[in-house]
$ cat coords.pdb   # PDB, C-alpha atoms
ATOM      1  CA  MET A   1      84.264  98.161 132.493  1.00  0.00           C
ATOM      2  CA  LYS A   2      83.265  98.763 128.889  1.00  0.00           C
ATOM      3  CA  ILE A   3      81.558 101.815 127.463  1.00  0.00           C
ATOM      4  CA  VAL A   4      80.300 101.910 123.867  1.00  0.00           C
ATOM      5  CA  ALA A   5      79.699 105.148 121.936  1.00  0.00           C
ATOM      6  CA  ILE A   6      77.159 104.676 119.155  1.00  0.00           C
ATOM      7  CA  CYS A   7      76.442 106.736 116.044  1.00  0.00           C
ATOM      8  CA  GLY A   8      75.230 106.046 112.515  1.00  0.00           C
ATOM      9  CA  ALA A   9      78.630 105.408 110.951  1.00  0.00           C
ATOM     10  CA  GLY A  10      80.788 104.456 113.931  1.00  0.00           C
ATOM     11  CA  ILE A  11      83.170 107.297 113.156  1.00  0.00           C
ATOM     12  CA  GLY A  12      82.853 111.032 113.639  1.00  0.00           C
ATOM     13  CA  SER A  13      80.272 111.725 116.284  1.00  0.00           C
ATOM     14  CA  SER A  14      80.871 108.466 118.165  1.00  0.00           C
ATOM     15  CA  GLY A  15      84.589 109.263 117.889  1.00  0.00           C
ATOM     16  CA  ILE A  16      84.023 112.611 119.607  1.00  0.00           C
ATOM     17  CA  LEU A  17      82.072 110.818 122.349  1.00  0.00           C
ATOM     18  CA  LYS A  18      84.862 108.264 122.754  1.00  0.00           C
ATOM     19  CA  VAL A  19      87.594 110.894 123.027  1.00  0.00           C
ATOM     20  CA  ASN A  20      85.631 113.008 125.496  1.00  0.00           C
ATOM     21  CA  ALA A  21      84.451 110.025 127.551  1.00  0.00           C
ATOM     22  CA  GLU A  22      88.087 108.947 127.958  1.00  0.00           C
ATOM     23  CA  ARG A  23      89.001 112.456 129.122  1.00  0.00           C
ATOM     24  CA  VAL A  24      86.141 112.517 131.628  1.00  0.00           C
ATOM     25  CA  LEU A  25      86.937 109.037 132.981  1.00  0.00           C
ATOM     26  CA  GLN A  26      90.534 110.064 133.530  1.00  0.00           C
ATOM     27  CA  ARG A  27      89.374 113.197 135.351  1.00  0.00           C
ATOM     28  CA  LEU A  28      87.044 111.114 137.537  1.00  0.00           C
ATOM     29  CA  GLY A  29      89.820 108.618 138.227  1.00  0.00           C
ATOM     30  CA  LEU A  30      87.806 105.769 136.660  1.00  0.00           C
ATOM     31  CA  SER A  31      89.144 103.142 134.332  1.00  0.00           C
ATOM     32  CA  ALA A  32      87.127 101.774 131.427  1.00  0.00           C
ATOM     33  CA  THR A  33      87.527 100.781 127.804  1.00  0.00           C
ATOM     34  CA  VAL A  34      85.634 103.083 125.454  1.00  0.00           C
ATOM     35  CA  VAL A  35      84.757 101.790 121.984  1.00  0.00           C
ATOM     36  CA  ALA A  36      83.110 103.693 119.106  1.00  0.00           C
ATOM     37  CA  ALA A  37      80.740 101.646 116.942  1.00  0.00           C
ATOM     38  CA  ASP A  38      77.947 102.074 114.421  1.00  0.00           C
ATOM     39  CA  ILE A  39      74.307 101.395 115.177  1.00  0.00           C
ATOM     40  CA  ALA A  40      74.288  98.293 112.962  1.00  0.00           C
ATOM     41  CA  SER A  41      76.823  96.562 115.232  1.00  0.00           C
ATOM     42  CA  VAL A  42      75.447  97.680 118.598  1.00  0.00           C
ATOM     43  CA  ALA A  43      74.062  94.279 119.612  1.00  0.00           C
ATOM     44  CA  ARG A  44      77.453  92.603 119.130  1.00  0.00           C
ATOM     45  CA  VAL A  45      79.758  95.380 120.354  1.00  0.00           C
ATOM     46  CA  ALA A  46      77.651  96.341 123.369  1.00  0.00           C
ATOM     47  CA  ALA A  47      76.809  92.792 124.507  1.00  0.00           C
ATOM     48  CA  ASP A  48      79.304  93.070 127.382  1.00  0.00           C
ATOM     49  CA  ALA A  49      79.100  96.844 127.886  1.00  0.00           C
ATOM     50  CA  GLN A  50      77.879  98.562 131.024  1.00  0.00           C
ATOM     51  CA  VAL A  51      77.134 101.893 129.411  1.00  0.00           C
ATOM     52  CA  ILE A  52      76.065 102.973 125.918  1.00  0.00           C
ATOM     53  CA  LEU A  53      76.602 106.644 125.065  1.00  0.00           C
ATOM     54  CA  THR A  54      74.519 107.969 122.175  1.00  0.00           C
ATOM     55  CA  SER A  55      72.052 110.545 120.830  1.00  0.00           C
ATOM     56  CA  ALA A  56      68.300 110.444 121.387  1.00  0.00           C
ATOM     57  CA  GLU A  57      67.835 109.406 117.738  1.00  0.00           C
ATOM     58  CA  PHE A  58      69.397 105.972 118.367  1.00  0.00           C
ATOM     59  CA  VAL A  59      67.687 104.942 121.611  1.00  0.00           C
ATOM     60  CA  GLU A  60      64.858 103.107 119.876  1.00  0.00           C
ATOM     61  CA  ALA A  61      67.186 101.349 117.428  1.00  0.00           C
ATOM     62  CA  ILE A  62      69.455 100.195 120.266  1.00  0.00           C
ATOM     63  CA  GLY A  63      66.476  98.374 121.720  1.00  0.00           C
ATOM     64  CA  GLU A  64      66.719  95.830 124.538  1.00  0.00           C
ATOM     65  CA  THR A  65      70.072  95.905 126.303  1.00  0.00           C
ATOM     66  CA  ARG A  66      71.494  95.269 129.750  1.00  0.00           C
ATOM     67  CA  ALA A  67      73.659  98.372 129.441  1.00  0.00           C
ATOM     68  CA  ASP A  68      72.647 101.784 130.749  1.00  0.00           C
ATOM     69  CA  VAL A  69      71.746 103.888 127.710  1.00  0.00           C
ATOM     70  CA  VAL A  70      72.954 107.436 128.335  1.00  0.00           C
ATOM     71  CA  VAL A  71      71.761 110.174 125.959  1.00  0.00           C
ATOM     72  CA  ILE A  72      74.192 113.035 125.403  1.00  0.00           C
ATOM     73  CA  GLU A  73      72.887 116.348 124.047  1.00  0.00           C
ATOM     74  CA  ASN A  74      76.089 118.366 123.686  1.00  0.00           C
ATOM     75  CA  TYR A  75      79.002 116.128 122.720  1.00  0.00           C
ATOM     76  CA  PHE A  76      81.520 118.851 123.523  1.00  0.00           C
ATOM     77  CA  ASP A  77      80.188 119.547 127.018  1.00  0.00           C
ATOM     78  CA  THR A  78      82.463 117.447 129.209  1.00  0.00           C
ATOM     79  CA  ASP A  79      80.525 118.582 132.315  1.00  0.00           C
ATOM     80  CA  GLU A  80      77.323 117.013 130.932  1.00  0.00           C
ATOM     81  CA  LEU A  81      79.235 113.871 130.013  1.00  0.00           C
ATOM     82  CA  SER A  82      80.900 113.735 133.418  1.00  0.00           C
ATOM     83  CA  ARG A  83      77.605 114.187 135.302  1.00  0.00           C
ATOM     84  CA  LYS A  84      75.767 111.550 133.270  1.00  0.00           C
ATOM     85  CA  LEU A  85      78.618 109.029 133.272  1.00  0.00           C
ATOM     86  CA  GLU A  86      79.056 109.352 137.017  1.00  0.00           C
ATOM     87  CA  ALA A  87      75.320 108.802 137.540  1.00  0.00           C
ATOM     88  CA  ALA A  88      75.362 105.703 135.298  1.00  0.00           C
ATOM     89  CA  ILE A  89      78.472 104.135 136.780  1.00  0.00           C
ATOM     90  CA  GLY A  90      78.241 105.307 140.385  1.00  0.00           C
TER      91      GLY A  90
ATOM     92  CA  MET B   1      97.144 116.680 118.748  1.00  0.00           C
ATOM     93  CA  THR B   2      96.613 119.373 116.158  1.00  0.00           C
ATOM     94  CA  LEU B   3      94.740 119.325 112.893  1.00  0.00           C
ATOM     95  CA  PRO B   4      96.630 119.407 109.622  1.00  0.00           C
ATOM     96  CA  PRO B   5      96.232 122.857 108.057  1.00  0.00           C
ATOM     97  CA  LEU B   6      92.960 123.144 106.166  1.00  0.00           C
ATOM     98  CA  ALA B   7      93.221 123.975 102.478  1.00  0.00           C
ATOM     99  CA  ASP B   8      91.444 127.109 101.256  1.00  0.00           C
ATOM    100  CA  ARG B   9      89.037 124.945  99.288  1.00  0.00           C
ATOM    101  CA  ALA B  10      88.082 123.071 102.463  1.00  0.00           C
ATOM    102  CA  ILE B  11      86.778 126.232 104.141  1.00  0.00           C
ATOM    103  CA  VAL B  12      83.601 127.955 102.924  1.00  0.00           C
ATOM    104  CA  LEU B  13      82.583 131.126 104.736  1.00  0.00           C
ATOM    105  CA  ARG B  14      79.075 132.623 105.021  1.00  0.00           C
ATOM    106  CA  ALA B  15      77.509 130.085 102.652  1.00  0.00           C
ATOM    107  CA  ARG B  16      73.824 130.376 101.846  1.00  0.00           C
ATOM    108  CA  ALA B  17      71.856 127.176 102.352  1.00  0.00           C
ATOM    109  CA  ALA B  18      68.081 126.962 102.087  1.00  0.00           C
ATOM    110  CA  ASP B  19      67.874 123.788 104.164  1.00  0.00           C
ATOM    111  CA  TRP B  20      69.986 121.122 105.869  1.00  0.00           C
ATOM    112  CA  ARG B  21      70.450 119.102 102.680  1.00  0.00           C
ATOM    113  CA  GLU B  22      71.952 122.074 100.924  1.00  0.00           C
ATOM    114  CA  ALA B  23      74.166 122.802 103.959  1.00  0.00           C
ATOM    115  CA  LEU B  24      75.491 119.217 103.884  1.00  0.00           C
ATOM    116  CA  ARG B  25      75.996 119.455 100.117  1.00  0.00           C
ATOM    117  CA  ILE B  26      78.190 122.530 100.549  1.00  0.00           C
ATOM    118  CA  ALA B  27      80.281 120.694 103.168  1.00  0.00           C
ATOM    119  CA  GLY B  28      80.449 117.662 100.850  1.00  0.00           C
ATOM    120  CA  ASP B  29      81.431 119.790  97.839  1.00  0.00           C
ATOM    121  CA  ALA B  30      84.266 121.303  99.889  1.00  0.00           C
ATOM    122  CA  LEU B  31      85.539 117.779 100.635  1.00  0.00           C
ATOM    123  CA  VAL B  32      85.294 116.925  96.923  1.00  0.00           C
ATOM    124  CA  ASP B  33      87.055 120.173  95.923  1.00  0.00           C
ATOM    125  CA  SER B  34      89.899 119.461  98.319  1.00  0.00           C
ATOM    126  CA  GLY B  35      90.408 116.021  96.785  1.00  0.00           C
ATOM    127  CA  CYS B  36      89.168 113.965  99.755  1.00  0.00           C
ATOM    128  CA  THR B  37      85.944 112.435  98.489  1.00  0.00           C
ATOM    129  CA  THR B  38      83.671 111.826  95.518  1.00  0.00           C
ATOM    130  CA  HIS B  39      80.131 113.179  95.218  1.00  0.00           C
ATOM    131  CA  ASP B  40      78.831 109.782  96.318  1.00  0.00           C
ATOM    132  CA  TYR B  41      80.235 110.493  99.782  1.00  0.00           C
ATOM    133  CA  THR B  42      78.203 113.711  99.955  1.00  0.00           C
ATOM    134  CA  GLU B  43      75.052 111.751  99.144  1.00  0.00           C
ATOM    135  CA  ALA B  44      76.007 109.166 101.795  1.00  0.00           C
ATOM    136  CA  MET B  45      76.327 111.956 104.395  1.00  0.00           C
ATOM    137  CA  ILE B  46      72.817 113.143 103.506  1.00  0.00           C
ATOM    138  CA  ARG B  47      71.517 109.569 103.648  1.00  0.00           C
ATOM    139  CA  MET B  48      72.842 109.191 107.219  1.00  0.00           C
ATOM    140  CA  VAL B  49      70.455 111.951 108.304  1.00  0.00           C
ATOM    141  CA  ASP B  50      67.587 110.571 106.190  1.00  0.00           C
ATOM    142  CA  ASP B  51      68.111 107.181 107.839  1.00  0.00           C
ATOM    143  CA  HIS B  52      68.897 108.148 111.428  1.00  0.00           C
ATOM    144  CA  GLY B  53      67.677 111.699 111.964  1.00  0.00           C
ATOM    145  CA  PRO B  54      69.533 114.900 112.831  1.00  0.00           C
ATOM    146  CA  TYR B  55      71.904 113.283 115.372  1.00  0.00           C
ATOM    147  CA  ILE B  56      74.877 114.834 113.551  1.00  0.00           C
ATOM    148  CA  VAL B  57      73.969 118.124 115.251  1.00  0.00           C
ATOM    149  CA  ILE B  58      76.186 117.132 118.154  1.00  0.00           C
ATOM    150  CA  ALA B  59      76.371 120.482 119.921  1.00  0.00           C
ATOM    151  CA  PRO B  60      74.449 123.773 119.870  1.00  0.00           C
ATOM    152  CA  GLY B  61      74.930 125.269 116.415  1.00  0.00           C
ATOM    153  CA  LEU B  62      77.271 122.582 115.052  1.00  0.00           C
ATOM    154  CA  ALA B  63      76.657 119.666 112.661  1.00  0.00           C
ATOM    155  CA  LEU B  64      79.354 117.043 112.162  1.00  0.00           C
ATOM    156  CA  ALA B  65      78.522 115.604 108.750  1.00  0.00           C
ATOM    157  CA  HIS B  66      80.055 112.249 107.957  1.00  0.00           C
ATOM    158  CA  ALA B  67      79.416 108.829 106.465  1.00  0.00           C
ATOM    159  CA  ARG B  68      81.190 105.496 106.542  1.00  0.00           C
ATOM    160  CA  PRO B  69      84.719 105.051 105.256  1.00  0.00           C
ATOM    161  CA  GLY B  70      84.708 103.405 101.832  1.00  0.00           C
ATOM    162  CA  ALA B  71      85.461 103.712  98.150  1.00  0.00           C
ATOM    163  CA  ASP B  72      84.056 107.271  97.997  1.00  0.00           C
ATOM    164  CA  VAL B  73      86.840 108.473 100.308  1.00  0.00           C
ATOM    165  CA  ARG B  74      90.202 109.152  98.624  1.00  0.00           C
ATOM    166  CA  ALA B  75      91.979 110.797 101.556  1.00  0.00           C
ATOM    167  CA  ASP B  76      91.301 111.705 105.168  1.00  0.00           C
ATOM    168  CA  GLY B  77      89.986 115.211 105.413  1.00  0.00           C
ATOM    169  CA  LEU B  78      87.838 117.876 106.975  1.00  0.00           C
ATOM    170  CA  SER B  79      85.811 120.733 105.589  1.00  0.00           C
ATOM    171  CA  VAL B  80      84.389 123.687 107.484  1.00  0.00           C
ATOM    172  CA  VAL B  81      81.310 125.612 106.346  1.00  0.00           C
ATOM    173  CA  THR B  82      79.911 128.648 108.106  1.00  0.00           C
ATOM    174  CA  LEU B  83      76.349 129.578 107.233  1.00  0.00           C
ATOM    175  CA  ALA B  84      75.252 133.133 106.397  1.00  0.00           C
ATOM    176  CA  ALA B  85      71.895 132.351 108.001  1.00  0.00           C
ATOM    177  CA  PRO B  86      71.320 129.588 110.588  1.00  0.00           C
ATOM    178  CA  VAL B  87      69.652 126.409 109.287  1.00  0.00           C
ATOM    179  CA  GLU B  88      67.181 124.148 111.109  1.00  0.00           C
ATOM    180  CA  PHE B  89      68.111 120.451 111.072  1.00  0.00           C
ATOM    181  CA  GLY B  90      65.174 119.365 113.235  1.00  0.00           C
ATOM    182  CA  HIS B  91      67.306 118.619 116.306  1.00  0.00           C
ATOM    183  CA  ALA B  92      65.512 118.784 119.657  1.00  0.00           C
ATOM    184  CA  HIS B  93      68.226 120.719 121.495  1.00  0.00           C
ATOM    185  CA  ASN B  94      71.001 121.946 119.241  1.00  0.00           C
ATOM    186  CA  ASP B  95      69.236 123.801 116.416  1.00  0.00           C
ATOM    187  CA  PRO B  96      69.775 126.048 114.542  1.00  0.00           C
ATOM    188  CA  VAL B  97      73.064 125.128 112.893  1.00  0.00           C
ATOM    189  CA  ARG B  98      75.633 127.827 112.069  1.00  0.00           C
ATOM    190  CA  VAL B  99      78.695 125.640 111.431  1.00  0.00           C
ATOM    191  CA  VAL B 100      78.894 122.403 109.418  1.00  0.00           C
ATOM    192  CA  ILE B 101      82.036 120.274 109.657  1.00  0.00           C
ATOM    193  CA  GLY B 102      82.430 117.648 106.924  1.00  0.00           C
ATOM    194  CA  LEU B 103      84.524 114.673 107.979  1.00  0.00           C
ATOM    195  CA  ALA B 104      85.888 111.913 105.747  1.00  0.00           C
ATOM    196  CA  GLY B 105      88.115 109.022 106.706  1.00  0.00           C
ATOM    197  CA  VAL B 106      89.679 106.292 104.591  1.00  0.00           C
ATOM    198  CA  ALA B 107      89.592 103.766 107.436  1.00  0.00           C
ATOM    199  CA  PRO B 108      87.549 103.695 110.651  1.00  0.00           C
ATOM    200  CA  ASP B 109      90.456 104.531 112.957  1.00  0.00           C
ATOM    201  CA  ALA B 110      92.540 106.620 110.564  1.00  0.00           C
ATOM    202  CA  HIS B 111      91.120 109.950 111.508  1.00  0.00           C
ATOM    203  CA  LEU B 112      90.601 109.461 115.215  1.00  0.00           C
ATOM    204  CA  ALA B 113      93.470 111.936 115.631  1.00  0.00           C
ATOM    205  CA  SER B 114      91.457 114.516 113.657  1.00  0.00           C
ATOM    206  CA  VAL B 115      88.426 113.768 115.787  1.00  0.00           C
ATOM    207  CA  ALA B 116      90.473 114.217 118.962  1.00  0.00           C
ATOM    208  CA  ALA B 117      91.783 117.526 117.634  1.00  0.00           C
ATOM    209  CA  LEU B 118      88.222 118.637 116.851  1.00  0.00           C
ATOM    210  CA  ALA B 119      87.253 117.762 120.417  1.00  0.00           C
ATOM    211  CA  ASN B 120      90.218 119.812 121.672  1.00  0.00           C
ATOM    212  CA  ALA B 121      89.056 122.839 119.726  1.00  0.00           C
ATOM    213  CA  PHE B 122      85.324 122.602 120.389  1.00  0.00           C
ATOM    214  CA  ASN B 123      85.366 121.525 124.029  1.00  0.00           C
ATOM    215  CA  ASP B 124      85.910 125.254 124.503  1.00  0.00           C
ATOM    216  CA  SER B 125      82.269 126.348 124.580  1.00  0.00           C
ATOM    217  CA  ALA B 126      83.060 129.650 122.830  1.00  0.00           C
ATOM    218  CA  ALA B 127      84.639 127.977 119.802  1.00  0.00           C
ATOM    219  CA  ILE B 128      81.478 127.234 117.780  1.00  0.00           C
ATOM    220  CA  SER B 129      80.272 130.819 117.715  1.00  0.00           C
ATOM    221  CA  ALA B 130      83.853 131.996 117.142  1.00  0.00           C
ATOM    222  CA  VAL B 131      84.031 129.796 114.014  1.00  0.00           C
ATOM    223  CA  ALA B 132      80.520 130.860 112.944  1.00  0.00           C
ATOM    224  CA  ASP B 133      81.580 134.517 113.124  1.00  0.00           C
ATOM    225  CA  ALA B 134      85.098 134.035 111.741  1.00  0.00           C
ATOM    226  CA  PRO B 135      85.837 136.762 109.169  1.00  0.00           C
ATOM    227  CA  THR B 136      88.617 134.898 107.345  1.00  0.00           C
ATOM    228  CA  ARG B 137      89.816 131.370 106.628  1.00  0.00           C
ATOM    229  CA  ASP B 138      92.888 132.039 108.737  1.00  0.00           C
ATOM    230  CA  ALA B 139      90.641 132.903 111.665  1.00  0.00           C
ATOM    231  CA  VAL B 140      88.909 129.527 111.270  1.00  0.00           C
ATOM    232  CA  ARG B 141      92.284 127.774 111.121  1.00  0.00           C
ATOM    233  CA  ALA B 142      93.473 129.572 114.244  1.00  0.00           C
ATOM    234  CA  ILE B 143      90.433 128.441 116.234  1.00  0.00           C
ATOM    235  CA  LEU B 144      90.603 124.826 115.025  1.00  0.00           C
ATOM    236  CA  GLU B 145      94.314 124.636 115.650  1.00  0.00           C
ATOM    237  CA  GLY B 146      93.733 125.928 119.154  1.00  0.00           C
ATOM    238  CA  SER B 147      95.941 128.958 118.813  1.00  0.00           C
ATOM    239  CA  GLY B 148      93.348 131.421 119.954  1.00  0.00           C
ATOM    240  CA  ARG B 149      90.226 133.207 118.894  1.00  0.00           C
ATOM    241  CA  ALA B 150      91.994 135.300 116.211  1.00  0.00           C
TER     242      ALA B 150
END
$ encode --input "coords.pdb" --output "structure tokens"
Amino acid sequence: MKIVAICGAGIGSSGILKVNAERVLQRLGLSATVVAADIASVARVAADAQVILTSAEFVEAIGETRADVVVIENYFDTDELSRKLEAAIG
Amino acid sequence: MTLPPLADRAIVLRARAADWREALRIAGDALVDSGCTTHDYTEAMIRMVDDHGPYIVIAPGLALAHARPGADVRADGLSVVTLAAPVEFGHAHNDPVRVVIGLAGVAPDAHLASVAALANAFNDSAAISAVADAPTRDAVRAILEGSGRA
């Protein structure tokens, strides 16, 4: 399974999402590859992804995709991330 | 995973910013003053918000200002700015901002360790307000390095 974290630059905020998503997946006992990428490369990087993690600001720019687009409000709230990831994957 | 100690010039306490642009400029200036970036990087951080909106407000009260790695970045680094008065960034859930972190990386993966250390510190839900209220630079360092609330 592949999860892509998207932000404007592909570093920083998507990096936080990547780190915390990996922590949550480990806690849930799930295995997946988590990649951080910038919005400009979303079509390529997320072509084979099941889940895209991002902020509300990027949903429109992500556009048509087969992946579940999951909007995270508080990037440091691993409970929110856990709940939303479980709902998307489970 | 711990953060390298932040230089004095990378920490600005109780800064006054009239709006989000000024808040980002203070965080950018602190990166410039600590030898990490040029002023062009500061402008690029502001442009990210002009282009994509206030998504850098990634948690209640905290903005993670950053732009792409590139020629305007001389060294990996962080800056921390606490605001004397909270500033609205226009975020639907996480306004107003009390703490701005400036982040600069030479290469895309170079500072993932810093990002992981930031996550370590701020996954504690009390950490943002603890930084916002920190009376000294050492108190900020203690929180970011995970050695307590100080």
$ atom_distance --input "coords.pdb" --atom1 "atom CA of Glu145 of chain B" --atom2 "atom CA of Asn20 of chain A"
17.5 Å
$ atom_distance --input "coords.pdb" --atom1 "atom CA of Tyr41 of chain B" --atom2 "atom CA of Leu24 of chain B"
10.7 Å
$ residues_around --input "coords.pdb" --residues "Ser41 of chain A" --least-positions-apart "3" --cutoff "12 Å" --atoms "all atoms listed in the file" --output "list in words"
Val4, Ala5, Ile6, Cys7, Gly8, Ala9, Gly10, Val35, Ala36, Ala37, Asp38, Arg44, Val45, Ala46, Ala47, Ala61 and Ile62 of chain A
$ interface_residues --input "coords.pdb" --of "chain A" --to "chain B" --cutoff "10 Å" --atoms "only C-alpha atoms" --output "PyMOL selection string"
chain A and resi 7-20+36-39+54-58+61+72-78
$ closest_residue --input "coords.pdb" --among "A:Gln26, A:Ala40, A:Ala32, A:Val59" --to "Ile89 of chain A" --atoms "all atoms listed in the file"
A:Ala32
$ atom_distance --input "coords.pdb" --atom1 "atom CA of Ala23 of chain B" --atom2 "atom CA of Cys36 of chain B"
17.9 Å
$ resolve_selection --input "coords.pdb" --expression "the PyMOL selection byres ((chain B and resi 80) around 8)" --output "list of chain:residue names"
B:Ala10, B:Ile11, B:Val12, B:Ala27, B:Ala30, B:Leu78, B:Ser79, B:Val81, B:Thr82, B:Val99, B:Val100, B:Ile101, B:Gly102
$ resolve_selection --input "coords.pdb" --expression "the PyMOL selection byres ((chain A and resi 69) around 9)" --output "list of chain:residue names"
A:Gln50, A:Val51, A:Ile52, A:Leu53, A:Thr54, A:Val59, A:Ile62, A:Thr65, A:Arg66, A:Ala67, A:Asp68, A:Val70, A:Val71, A:Ala88
$ residues_around --input "coords.pdb" --residues "Asp138 of chain B" --least-positions-apart "2" --cutoff "10 Å" --atoms "all atoms listed in the file" --output "PDB file with C-alpha atoms, in the frame of the given file"
ATOM      1  CA  PRO B   5      96.232 122.857 108.057  1.00  0.00           C
ATOM      2  CA  LEU B   6      92.960 123.144 106.166  1.00  0.00           C
ATOM      3  CA  ASP B   8      91.444 127.109 101.256  1.00  0.00           C
ATOM      4  CA  ILE B  11      86.778 126.232 104.141  1.00  0.00           C
ATOM      5  CA  ALA B 134      85.098 134.035 111.741  1.00  0.00           C
ATOM      6  CA  PRO B 135      85.837 136.762 109.169  1.00  0.00           C
ATOM      7  CA  THR B 136      88.617 134.898 107.345  1.00  0.00           C
ATOM      8  CA  VAL B 140      88.909 129.527 111.270  1.00  0.00           C
ATOM      9  CA  ARG B 141      92.284 127.774 111.121  1.00  0.00           C
ATOM     10  CA  ALA B 142      93.473 129.572 114.244  1.00  0.00           C
ATOM     11  CA  ILE B 143      90.433 128.441 116.234  1.00  0.00           C
ATOM     12  CA  LEU B 144      90.603 124.826 115.025  1.00  0.00           C
ATOM     13  CA  ALA B 150      91.994 135.300 116.211  1.00  0.00           C
TER      14      ALA B 150
END
$ resolve_selection --input "coords.pdb" --expression "the PyMOL selection byres ((chain B and resi 83) around 7)" --output "PDB file with C-alpha atoms, in the coordinates of the input"
ATOM      1  CA  LEU B  13      82.583 131.126 104.736  1.00  0.00           C
ATOM      2  CA  ARG B  14      79.075 132.623 105.021  1.00  0.00           C
ATOM      3  CA  ALA B  15      77.509 130.085 102.652  1.00  0.00           C
ATOM      4  CA  ARG B  16      73.824 130.376 101.846  1.00  0.00           C
ATOM      5  CA  VAL B  81      81.310 125.612 106.346  1.00  0.00           C
ATOM      6  CA  THR B  82      79.911 128.648 108.106  1.00  0.00           C
ATOM      7  CA  ALA B  84      75.252 133.133 106.397  1.00  0.00           C
ATOM      8  CA  ALA B  85      71.895 132.351 108.001  1.00  0.00           C
ATOM      9  CA  PRO B  86      71.320 129.588 110.588  1.00  0.00           C
ATOM     10  CA  ARG B  98      75.633 127.827 112.069  1.00  0.00           C
ATOM     11  CA  VAL B  99      78.695 125.640 111.431  1.00  0.00           C
TER      12      VAL B  99
END
$ axis_aligned_box --input "coords.pdb" --around "segment 62-71 of chain B" --padding-each-side "5 Å" --output "lines of an AutoDock Vina configuration file"
center_x = 81.1
center_y = 113.0
center_z = 106.6
size_x = 18.8
size_y = 29.2
size_z = 26.9
$ closest_residue --input "coords.pdb" --among "B:Ala44, B:Ala7, B:Leu31, B:Val97" --to "Ile128 of chain B" --atoms "only C-alpha atoms"
B:Val97
